[in-house]
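Source file: data-v9.txt (compact mmCIF, C-alpha atoms)
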```txt
# COMPACT_ATOMS: atom_id res chain seq x y z
CA MET A 229 -16.72 150.01 -39.74
CA PRO A 230 -14.45 153.08 -39.66
CA SER A 231 -11.62 153.46 -42.10
CA LYS A 232 -8.11 153.06 -40.75
CA GLU A 233 -6.67 156.39 -39.72
CA LYS A 234 -3.48 157.39 -41.47
CA LYS A 235 -0.51 157.96 -39.19
CA PRO A 236 0.69 161.58 -39.18
CA ASP A 237 3.83 162.47 -41.12
CA THR A 238 6.50 163.35 -38.56
CA ALA A 239 9.41 163.88 -40.98
CA GLY A 240 9.05 167.66 -40.87
CA TYR A 241 8.92 167.66 -37.07
CA GLN A 242 12.11 165.63 -36.88
CA GLN A 243 13.80 167.93 -39.40
CA LEU A 244 12.87 170.99 -37.32
CA ARG A 245 14.37 169.40 -34.22
CA ARG A 246 17.61 168.64 -36.08
CA ASP A 247 17.76 172.20 -37.42
CA LEU A 248 17.40 173.70 -33.96
CA GLU A 249 19.81 171.28 -32.31
CA ALA A 250 22.41 172.21 -34.93
CA GLY A 251 21.65 175.92 -34.52
CA THR A 252 20.87 176.26 -38.22
CA PRO A 253 17.14 177.02 -38.70
CA GLY A 254 15.89 176.76 -42.27
CA ARG A 255 14.48 179.55 -44.40
CA LEU A 256 10.87 178.36 -44.61
CA TYR A 257 8.57 176.46 -42.27
CA ILE A 258 4.86 175.65 -42.25
CA PHE A 259 3.66 175.03 -38.65
CA HIS A 260 0.33 173.22 -38.18
CA GLY A 261 -1.27 170.42 -36.20
CA GLU A 262 -3.27 169.63 -33.07
CA GLU A 263 -0.48 169.85 -30.53
CA THR A 264 -0.39 173.60 -30.00
CA TYR A 265 1.81 173.26 -26.91
CA LEU A 266 4.59 171.78 -29.02
CA ARG A 267 4.05 174.34 -31.78
CA ASP A 268 4.37 177.26 -29.39
CA HIS A 269 7.39 175.64 -27.73
CA TYR A 270 9.31 175.32 -31.00
CA LEU A 271 8.23 178.73 -32.21
CA ALA A 272 9.71 180.14 -28.98
CA ARG A 273 12.93 178.21 -29.61
CA LEU A 274 13.12 179.62 -33.12
CA LYS A 275 12.76 183.14 -31.75
CA GLU A 276 15.34 182.43 -29.07
CA GLN A 277 17.92 181.37 -31.67
CA LEU A 278 17.18 184.01 -34.28
CA LEU A 279 16.26 187.07 -32.24
CA SER A 280 18.94 187.04 -29.58
CA GLY A 281 20.61 190.28 -28.59
CA GLY A 282 19.27 193.73 -27.85
CA MET A 283 17.97 194.29 -31.40
CA GLY A 284 15.84 191.16 -31.50
CA GLU A 285 12.51 193.01 -31.70
CA PHE A 286 13.70 194.91 -34.77
CA ASN A 287 14.42 191.65 -36.57
CA PHE A 288 10.96 190.15 -35.96
CA HIS A 289 8.30 190.97 -38.54
CA ALA A 290 4.69 189.80 -38.07
CA VAL A 291 2.47 190.01 -41.13
CA PRO A 292 -1.27 189.97 -40.20
CA ALA A 293 -3.41 187.65 -42.33
CA GLY A 294 -5.67 190.58 -43.24
CA GLU A 295 -2.75 192.49 -44.75
CA MET A 296 -1.19 189.54 -46.53
CA SER A 297 -0.30 189.90 -50.21
CA PRO A 298 2.80 189.12 -52.28
CA ARG A 299 3.77 192.80 -52.04
CA ARG A 300 3.33 192.96 -48.26
CA LEU A 301 5.26 189.73 -47.77
CA GLU A 302 8.06 190.94 -50.03
CA GLU A 303 8.41 194.11 -47.95
CA ALA A 304 8.86 192.02 -44.78
CA LEU A 305 11.36 189.72 -46.49
CA ASP A 306 13.42 192.66 -47.76
CA CYS A 307 14.02 194.04 -44.24
CA LEU A 308 17.71 193.45 -43.53
CA PRO A 309 18.76 192.20 -40.09
CA MET A 310 20.03 194.80 -37.61
CA MET A 311 23.13 193.77 -35.63
CA ALA A 312 22.25 190.11 -36.18
CA GLN A 313 22.60 187.38 -38.76
CA ARG A 314 18.95 186.78 -39.57
CA THR A 315 15.35 187.98 -39.38
CA LEU A 316 12.18 186.08 -38.50
CA VAL A 317 9.00 186.73 -40.48
CA GLN A 318 5.79 185.19 -39.09
CA VAL A 319 2.44 184.94 -40.89
CA THR A 320 -0.44 183.52 -38.81
CA ASP A 321 -3.65 181.96 -40.10
CA PHE A 322 -3.27 182.87 -43.75
CA ASP A 323 -4.35 180.12 -46.13
CA LEU A 324 -1.79 180.19 -48.93
CA PHE A 325 -3.73 177.74 -51.07
CA LYS A 326 -6.93 179.82 -51.06
CA ALA A 327 -5.20 182.87 -52.51
CA GLY A 328 -6.07 183.93 -56.07
CA GLU A 329 -4.11 182.46 -58.96
CA LYS A 330 -2.09 185.62 -59.54
CA ASP A 331 -1.19 185.92 -55.87
CA ARG A 332 -0.21 182.25 -55.71
CA GLU A 333 2.22 182.82 -58.57
CA GLY A 334 3.68 185.70 -56.58
CA TYR A 335 4.10 183.54 -53.49
CA VAL A 336 5.75 180.79 -55.55
CA ALA A 337 8.32 183.30 -56.80
CA LEU A 338 9.01 184.63 -53.30
CA LEU A 339 9.27 181.22 -51.62
CA SER A 340 11.59 179.97 -54.35
CA ASP A 341 14.06 182.79 -53.79
CA LEU A 342 14.12 183.52 -50.06
CA PRO A 343 17.17 185.49 -48.85
CA ASP A 344 19.68 183.56 -46.72
CA TYR A 345 19.09 185.89 -43.78
CA VAL A 346 15.33 185.20 -43.60
CA CYS A 347 13.42 182.56 -41.66
CA LEU A 348 9.79 182.67 -42.81
CA VAL A 349 7.19 180.80 -40.72
CA PHE A 350 3.55 180.30 -41.65
CA VAL A 351 1.60 179.38 -38.50
CA TYR A 352 -1.78 177.67 -38.89
CA ASP A 353 -3.59 178.09 -35.57
CA LEU A 354 -7.32 178.70 -36.01
CA ILE A 355 -7.49 177.39 -39.57
CA PRO A 356 -6.36 173.96 -40.83
CA TYR A 357 -3.46 173.51 -43.21
CA LYS A 358 -4.55 171.77 -46.39
CA GLY A 359 -1.81 171.77 -48.98
CA ASP A 360 -2.69 170.87 -52.56
CA ALA A 361 0.13 168.65 -53.80
CA ARG A 362 -0.88 169.24 -57.44
CA THR A 363 0.04 172.93 -57.37
CA LYS A 364 3.25 174.82 -58.05
CA LEU A 365 2.90 176.38 -54.62
CA ALA A 366 3.08 172.98 -52.92
CA ALA A 367 6.10 172.09 -55.04
CA ALA A 368 7.83 175.33 -54.00
CA ILE A 369 7.15 174.63 -50.32
CA GLN A 370 8.45 171.09 -50.64
CA ALA A 371 11.58 172.21 -52.49
CA HIS A 372 12.51 175.15 -50.28
CA GLY A 373 10.87 174.57 -46.90
CA THR A 374 9.67 172.15 -44.25
CA VAL A 375 6.07 171.35 -43.39
CA VAL A 376 5.95 170.61 -39.65
CA ASN A 377 2.93 168.71 -38.35
CA PHE A 378 2.73 169.00 -34.58
CA ALA A 379 0.74 165.81 -34.08
CA ARG A 380 -0.26 164.05 -30.88
CA GLN A 381 2.78 162.33 -29.39
CA GLU A 382 3.30 158.60 -29.09
CA THR A 383 2.47 157.14 -25.68
CA GLY A 384 6.07 156.40 -24.70
CA GLU A 385 7.27 159.93 -25.46
CA LEU A 386 4.22 161.46 -23.80
CA VAL A 387 4.75 159.47 -20.59
CA LYS A 388 8.38 160.63 -20.46
CA TRP A 389 7.25 164.23 -20.95
CA VAL A 390 4.63 164.00 -18.17
CA ARG A 391 7.25 162.63 -15.77
CA ARG A 392 9.70 165.40 -16.71
CA ARG A 393 7.04 168.05 -16.09
CA PHE A 394 6.35 166.64 -12.63
CA ARG A 395 10.10 166.54 -11.86
CA SER A 396 10.36 170.21 -12.81
CA LEU A 397 7.75 170.83 -10.09
CA ASP A 398 9.76 168.75 -7.56
CA LYS A 399 7.35 165.80 -7.80
CA GLN A 400 7.69 162.20 -8.94
CA ILE A 401 5.14 160.08 -10.78
CA SER A 402 5.41 156.47 -11.90
CA ALA A 403 5.20 155.60 -15.59
CA GLY A 404 2.01 153.63 -14.98
CA LEU A 405 0.25 156.47 -13.18
CA ALA A 406 1.42 158.95 -15.83
CA GLU A 407 -0.24 156.71 -18.43
CA GLU A 408 -3.43 156.68 -16.34
CA LEU A 409 -3.38 160.48 -16.16
CA ILE A 410 -3.14 160.61 -19.96
CA ALA A 411 -6.05 158.19 -20.29
CA LEU A 412 -8.11 160.25 -17.86
CA CYS A 413 -7.44 163.75 -19.19
CA GLY A 414 -6.61 163.16 -22.86
CA ASP A 415 -3.33 163.05 -24.72
CA LEU A 416 -2.95 166.69 -25.80
CA MET A 417 -0.03 168.38 -24.05
CA THR A 418 -1.94 171.67 -24.15
CA ASN A 419 -4.55 170.21 -21.77
CA LEU A 420 -2.19 168.01 -19.76
CA ILE A 421 0.07 170.86 -18.69
CA GLY A 422 -2.72 172.43 -16.63
CA GLU A 423 -3.70 169.08 -15.12
CA ILE A 424 -0.09 168.34 -14.15
CA GLU A 425 0.19 171.70 -12.39
CA LYS A 426 -3.11 171.11 -10.51
CA VAL A 427 -2.11 167.64 -9.33
CA ALA A 428 1.38 168.77 -8.33
CA ALA A 429 0.00 171.70 -6.34
CA TYR A 430 -2.53 169.44 -4.58
CA ALA A 431 -0.17 166.57 -3.69
CA LYS A 432 1.28 166.78 -0.19
CA GLY A 433 4.08 164.26 -0.71
CA GLU A 434 6.88 164.14 -3.25
CA GLU A 435 5.43 161.02 -4.90
CA ILE A 436 2.18 161.55 -6.82
CA THR A 437 -0.50 159.00 -5.88
CA ARG A 438 -3.63 157.81 -7.66
CA ALA A 439 -5.67 159.57 -4.97
CA ASP A 440 -3.97 162.87 -5.89
CA VAL A 441 -4.90 162.41 -9.54
CA GLU A 442 -8.49 161.39 -8.84
CA ALA A 443 -8.99 164.28 -6.40
CA VAL A 444 -8.28 167.17 -8.76
CA ALA A 445 -7.71 166.03 -12.37
CA THR A 446 -10.57 166.86 -14.74
CA PRO A 447 -11.52 163.84 -16.86
CA GLN A 448 -12.30 164.28 -20.54
CA LEU A 449 -15.84 163.58 -21.69
CA ASP A 450 -14.95 160.32 -23.49
CA THR A 451 -13.38 158.96 -20.30
CA VAL A 452 -16.51 159.63 -18.24
CA VAL A 453 -18.75 158.11 -20.92
CA PHE A 454 -16.52 155.02 -20.97
CA ARG A 455 -17.14 154.66 -17.22
CA MET A 456 -20.86 154.70 -17.93
CA THR A 457 -20.74 151.95 -20.57
CA ASP A 458 -18.31 149.99 -18.37
CA ALA A 459 -20.86 150.13 -15.53
CA ILE A 460 -23.56 148.88 -17.91
CA GLY A 461 -21.30 145.98 -18.87
CA ALA A 462 -20.85 145.16 -15.18
CA ARG A 463 -24.67 145.22 -14.84
CA ASN A 464 -24.33 148.04 -12.33
CA PHE A 465 -27.10 150.37 -13.43
CA ASP A 466 -26.90 152.47 -10.27
CA ARG A 467 -23.30 153.29 -11.09
CA ALA A 468 -24.15 154.05 -14.74
CA ALA A 469 -26.92 156.41 -13.64
CA GLN A 470 -24.54 158.05 -11.16
CA VAL A 471 -22.01 158.71 -13.94
CA LEU A 472 -24.73 160.21 -16.13
CA GLY A 473 -25.70 162.44 -13.22
CA GLU A 474 -22.07 163.54 -12.91
CA LEU A 475 -22.11 164.52 -16.57
CA TYR A 476 -25.23 166.61 -16.02
CA GLN A 477 -23.54 168.23 -13.01
CA MET A 478 -20.58 169.07 -15.25
CA GLN A 479 -23.17 170.93 -17.38
CA GLU A 480 -22.40 168.82 -20.43
CA HIS A 481 -25.23 169.17 -22.95
CA PRO A 482 -27.13 165.91 -23.63
CA ILE A 483 -26.41 166.20 -27.38
CA LYS A 484 -22.68 166.42 -26.66
CA ILE A 485 -22.91 163.44 -24.31
CA MET A 486 -24.83 161.57 -27.01
CA GLY A 487 -22.05 162.26 -29.51
CA ALA A 488 -19.44 160.82 -27.17
CA LEU A 489 -21.68 157.87 -26.29
CA GLY A 490 -22.32 157.14 -29.97
CA ARG A 491 -18.61 157.06 -30.72
CA GLN A 492 -17.97 154.87 -27.68
CA LEU A 493 -20.64 152.37 -28.72
CA ARG A 494 -19.34 152.24 -32.30
CA GLN A 495 -15.87 151.51 -30.95
CA LEU A 496 -17.34 148.84 -28.66
CA TYR A 497 -19.17 147.24 -31.59
CA SER A 498 -16.03 147.14 -33.73
CA ALA A 499 -14.04 145.69 -30.80
CA ARG A 500 -16.67 142.96 -30.33
CA LEU A 501 -16.45 142.16 -34.05
CA ALA A 502 -12.65 142.07 -33.77
CA LEU A 503 -12.82 139.61 -30.87
CA ASP A 504 -15.20 137.34 -32.76
CA ARG A 505 -12.81 137.32 -35.71
CA GLY A 506 -9.70 136.67 -33.65
CA LYS A 507 -8.27 140.18 -33.98
CA GLY A 508 -6.23 141.75 -31.19
CA ALA A 509 -5.56 145.15 -29.63
CA SER A 510 -3.16 146.26 -32.37
CA TYR A 511 -5.93 145.88 -34.97
CA VAL A 512 -8.40 147.93 -32.90
CA ALA A 513 -5.76 150.57 -32.13
CA GLU A 514 -4.97 151.02 -35.81
CA LEU A 515 -8.64 151.02 -36.74
CA TRP A 516 -9.54 153.91 -34.44
CA GLY A 517 -6.19 155.66 -34.02
CA LEU A 518 -6.05 154.61 -30.35
CA ARG A 519 -3.06 154.17 -28.09
CA PRO A 520 -2.26 150.53 -27.15
CA PHE A 521 -3.52 150.81 -23.57
CA GLN A 522 -6.77 152.39 -24.81
CA ALA A 523 -7.31 149.54 -27.27
CA GLU A 524 -6.70 146.96 -24.51
CA LYS A 525 -9.30 148.66 -22.28
CA LEU A 526 -11.78 148.73 -25.15
CA LEU A 527 -11.32 145.01 -25.86
CA GLY A 528 -11.73 144.26 -22.16
CA ALA A 529 -15.02 146.13 -22.13
CA ALA A 530 -16.22 144.47 -25.36
CA ARG A 531 -15.84 141.01 -23.80
CA ARG A 532 -18.75 141.86 -21.48
CA PHE A 533 -21.23 142.45 -24.32
CA SER A 534 -22.80 140.26 -26.96
CA LEU A 535 -22.56 141.16 -30.63
CA ASP A 536 -26.36 141.54 -30.82
CA TRP A 537 -26.37 143.97 -27.88
CA CYS A 538 -23.59 146.06 -29.48
CA ARG A 539 -25.43 146.21 -32.79
CA ARG A 540 -28.72 147.18 -31.13
CA ALA A 541 -26.98 149.79 -28.96
CA VAL A 542 -25.42 151.50 -31.98
CA VAL A 543 -28.77 151.58 -33.81
CA ARG A 544 -30.70 152.92 -30.80
CA CYS A 545 -28.05 155.52 -30.12
CA GLY A 546 -28.37 156.81 -33.68
CA GLN A 547 -32.16 156.88 -33.46
CA THR A 548 -32.06 158.77 -30.16
CA ASP A 549 -29.59 161.27 -31.57
CA VAL A 550 -31.97 161.99 -34.46
CA ALA A 551 -34.90 162.33 -32.04
CA MET A 552 -32.94 164.83 -29.95
CA LYS A 553 -32.32 167.03 -32.96
CA SER A 554 -35.66 166.77 -34.73
CA THR A 555 -38.61 165.98 -32.43
CA GLY A 556 -38.47 168.75 -29.85
CA GLN A 557 -38.53 166.22 -26.99
CA ASP A 558 -36.44 166.93 -23.89
CA PRO A 559 -32.89 165.74 -24.77
CA GLN A 560 -32.12 164.86 -21.14
CA GLU A 561 -35.21 162.65 -20.88
CA LEU A 562 -34.34 160.92 -24.16
CA LEU A 563 -30.78 160.25 -23.02
CA THR A 564 -31.92 158.91 -19.64
CA ALA A 565 -34.46 156.65 -21.35
CA LEU A 566 -31.75 155.32 -23.67
CA LEU A 567 -29.55 154.52 -20.70
CA LEU A 568 -32.40 152.56 -19.07
CA GLU A 569 -32.91 150.62 -22.30
CA LEU A 570 -29.21 149.82 -22.72
CA ALA A 571 -28.88 148.69 -19.11
CA ALA A 572 -31.26 145.73 -19.60
CA PRO A 573 -30.06 143.32 -20.70
CA ALA A 574 -26.38 144.17 -21.19
CA GLU A 575 -24.85 140.77 -20.45
CA LYS A 576 -23.72 138.32 -23.11
```
Could the structure of this file be written out as structure tokens, please?
Amino acid sequence: MPSKEKKPDTAGYQQLRRDLEAGTPGRLYIFHGEETYLRDHYLARLKEQLLSGGMGEFNFHAVPAGEMSPRRLEEALDCLPMMAQRTLVQVTDFDLFKAGEKDREGYVALLSDLPDYVCLVFVYDLIPYKGDARTKLAAAIQAHGTVVNFARQETGELVKWVRRRFRSLDKQISAGLAEELIALCGDLMTNLIGEIEKVAAYAKGEEITRADVEAVATPQLDTVVFRMTDAIGARNFDRAAQVLGELYQMQEHPIKIMGALGRQLRQLYSARLALDRGKGASYVAELWGLRPFQAEKLLGAARRFSLDWCRRAVVRCGQTDVAMKSTGQDPQELLTALLLELAAPAEK
């Protein structure tokens, strides 16, 4: 069974929003997290507030990660604002906690004594942010700055955002269909924005319909794999084979499909165990970090399978994955053979 996923800390995100709404950005921020759309949005808002006026470009200082050192950072921090109140210093993809001990001491000194006119932002884009709470550097960041985790948004907020985006394109979408679009295409705003624009451009009427979404929205891999296992549960092998064919047409590699299928079957197994032990959707959602509607769909699918089938499916999926990576056999043939095996018998 998977371990329960820890909910992301949103305190820094809420603090950033309050700072910007009050028009008083702080002096130090750490920007990181999966939701790059939100990160770029709030970085743009920071620049809008701090770099207004004709001299804005003179008050923005970007420090490349390759040039980063306490001395180089100090030079950027010492640049006084020109015809403005503040400057913005941005450092992208520099891992503060992997710096040498002497450099870390230098950064601690600088972060602990930032000038009032400076807003310093460390942006973690291509590298993850992993702060070490045991260090003086982490203590300095906590004392003088805000760590902002741009995490995936809650379903309610995401549905509202999707509907606002459609309204900005002169279209309307119901809350239920917006939730279906999220389930189909994934819950990252960065991906959804493109899907929203495609659907809005395709739709002839003002009201978005399910047919509009199904016609042009690109489903995420996990969603397509779920359709395949759902077809197996309905004892509709022809449909399951058709979905697998669609995945091949999408040029998804069999090993990648196997990874998604393995995760799906592990979720199905845990959901079947949860049902047998009287657990509900909230338990499954917390277990896998799923949204409520995703957990409900998973439980609905699990009711179609026996516990023995789920256990066998997980084992065979793992064995096939190993065979794909170690035997030299054709991965597509192995995956197709696995599908045939899982399809009979699938019923409880």
Once you count all atoms listed in the file, what closest atom pair and distance in Å to one decimal does each residue of segment 463-561 of chain A within 9 Å of segment 450-456 of chain A have, with rows by chain and rising residue number, as JSON lines?
```
{"residue": "A:Phe465", "atom": "CA", "partner": "A:Met456", "partner_atom": "CA", "distance": 8.8}
{"residue": "A:Arg467", "atom": "CA", "partner": "A:Met456", "partner_atom": "CA", "distance": 7.4}
{"residue": "A:Ala468", "atom": "CA", "partner": "A:Met456", "partner_atom": "CA", "distance": 4.6}
{"residue": "A:Ala469", "atom": "CA", "partner": "A:Met456", "partner_atom": "CA", "distance": 7.6}
{"residue": "A:Gln470", "atom": "CA", "partner": "A:Met456", "partner_atom": "CA", "distance": 8.4}
{"residue": "A:Val471", "atom": "CA", "partner": "A:Met456", "partner_atom": "CA", "distance": 5.8}
{"residue": "A:Leu472", "atom": "CA", "partner": "A:Met456", "partner_atom": "CA", "distance": 7.0}
{"residue": "A:Glu474", "atom": "CA", "partner": "A:Val452", "partner_atom": "CA", "distance": 8.6}
{"residue": "A:Leu475", "atom": "CA", "partner": "A:Val452", "partner_atom": "CA", "distance": 7.6}
{"residue": "A:Ile485", "atom": "CA", "partner": "A:Val453", "partner_atom": "CA", "distance": 7.6}
{"residue": "A:Ala488", "atom": "CA", "partner": "A:Asp450", "partner_atom": "CA", "distance": 5.8}
{"residue": "A:Leu489", "atom": "CA", "partner": "A:Val453", "partner_atom": "CA", "distance": 6.1}
{"residue": "A:Arg491", "atom": "CA", "partner": "A:Asp450", "partner_atom": "CA", "distance": 8.7}
{"residue": "A:Gln492", "atom": "CA", "partner": "A:Phe454", "partner_atom": "CA", "distance": 6.9}
{"residue": "A:Leu526", "atom": "CA", "partner": "A:Phe454", "partner_atom": "CA", "distance": 8.9}
```
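Take the candidates A:Cys413, A:Arg362, A:Arg245, A:Leu256 and check each one against Leu338 of chain A using all atoms listed in the file; the shortest distance goes to A:Leu256.
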Q) Which residue out of A:Cys347, A:Leu563, A:Leu493, A:Leu324 has the minimum interatomic distance to Thr457 of chain A when all atoms listed in the file are used? A)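 Nearest to Thr457 of chain A: A:Leu493.
The list of residues with at least one atom within 10 Å of Leu412 of chain A, based on all atoms listed in the file and without residues fewer than 3 positions apart in the same chain, reads Ala406, Glu407, Glu408, Leu409, Asp415, Leu420, Val441, Glu442, Ala445, Thr446, Pro447, Gln448, Leu449, Asp450, Thr451 and Val452 of chain A.
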Contact check, segment 393-482 of chain A to segment 259-278 of chain A, at most 8 Å, counting all atoms listed in the file, closest pairs as JSON lines:
```
{"residue": "A:Leu416", "atom": "CA", "partner": "A:Glu263", "partner_atom": "CA", "distance": 6.2}
{"residue": "A:Met417", "atom": "CA", "partner": "A:Tyr265", "partner_atom": "CA", "distance": 5.9}
{"residue": "A:Thr418", "atom": "CA", "partner": "A:Tyr265", "partner_atom": "CA", "distance": 4.9}
```
Give me, as a compact mmCIF listing (two decimals) with C-alpha atoms, in the coordinates of the input, all polymer residues having an atom no more than 9 Å from Gly281 of chain A, counting all atoms listed in the file and skipping those fewer than 3 positions away in the same chain.
```txt
# COMPACT_ATOMS: atom_id res chain seq x y z
CA GLY A 284 15.84 191.16 -31.50
CA MET A 311 23.13 193.77 -35.63
CA ALA A 312 22.25 190.11 -36.18
```
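Between Pro298 of chain A and the residues A:Tyr357, A:Tyr476, A:Tyr335, A:Trp516, the shortest atom-to-atom distance, using only C-alpha atoms, involves A:Tyr335.
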**Q.** Residues near Ala366 of chain A, cut-off 12 Å, all atoms listed in the file, skip fewer than 4 positions along chain, as a PyMOL selection string
**A.** chain A and resi 258+324-325+332-333+335-336+339-340+357-362+370-375
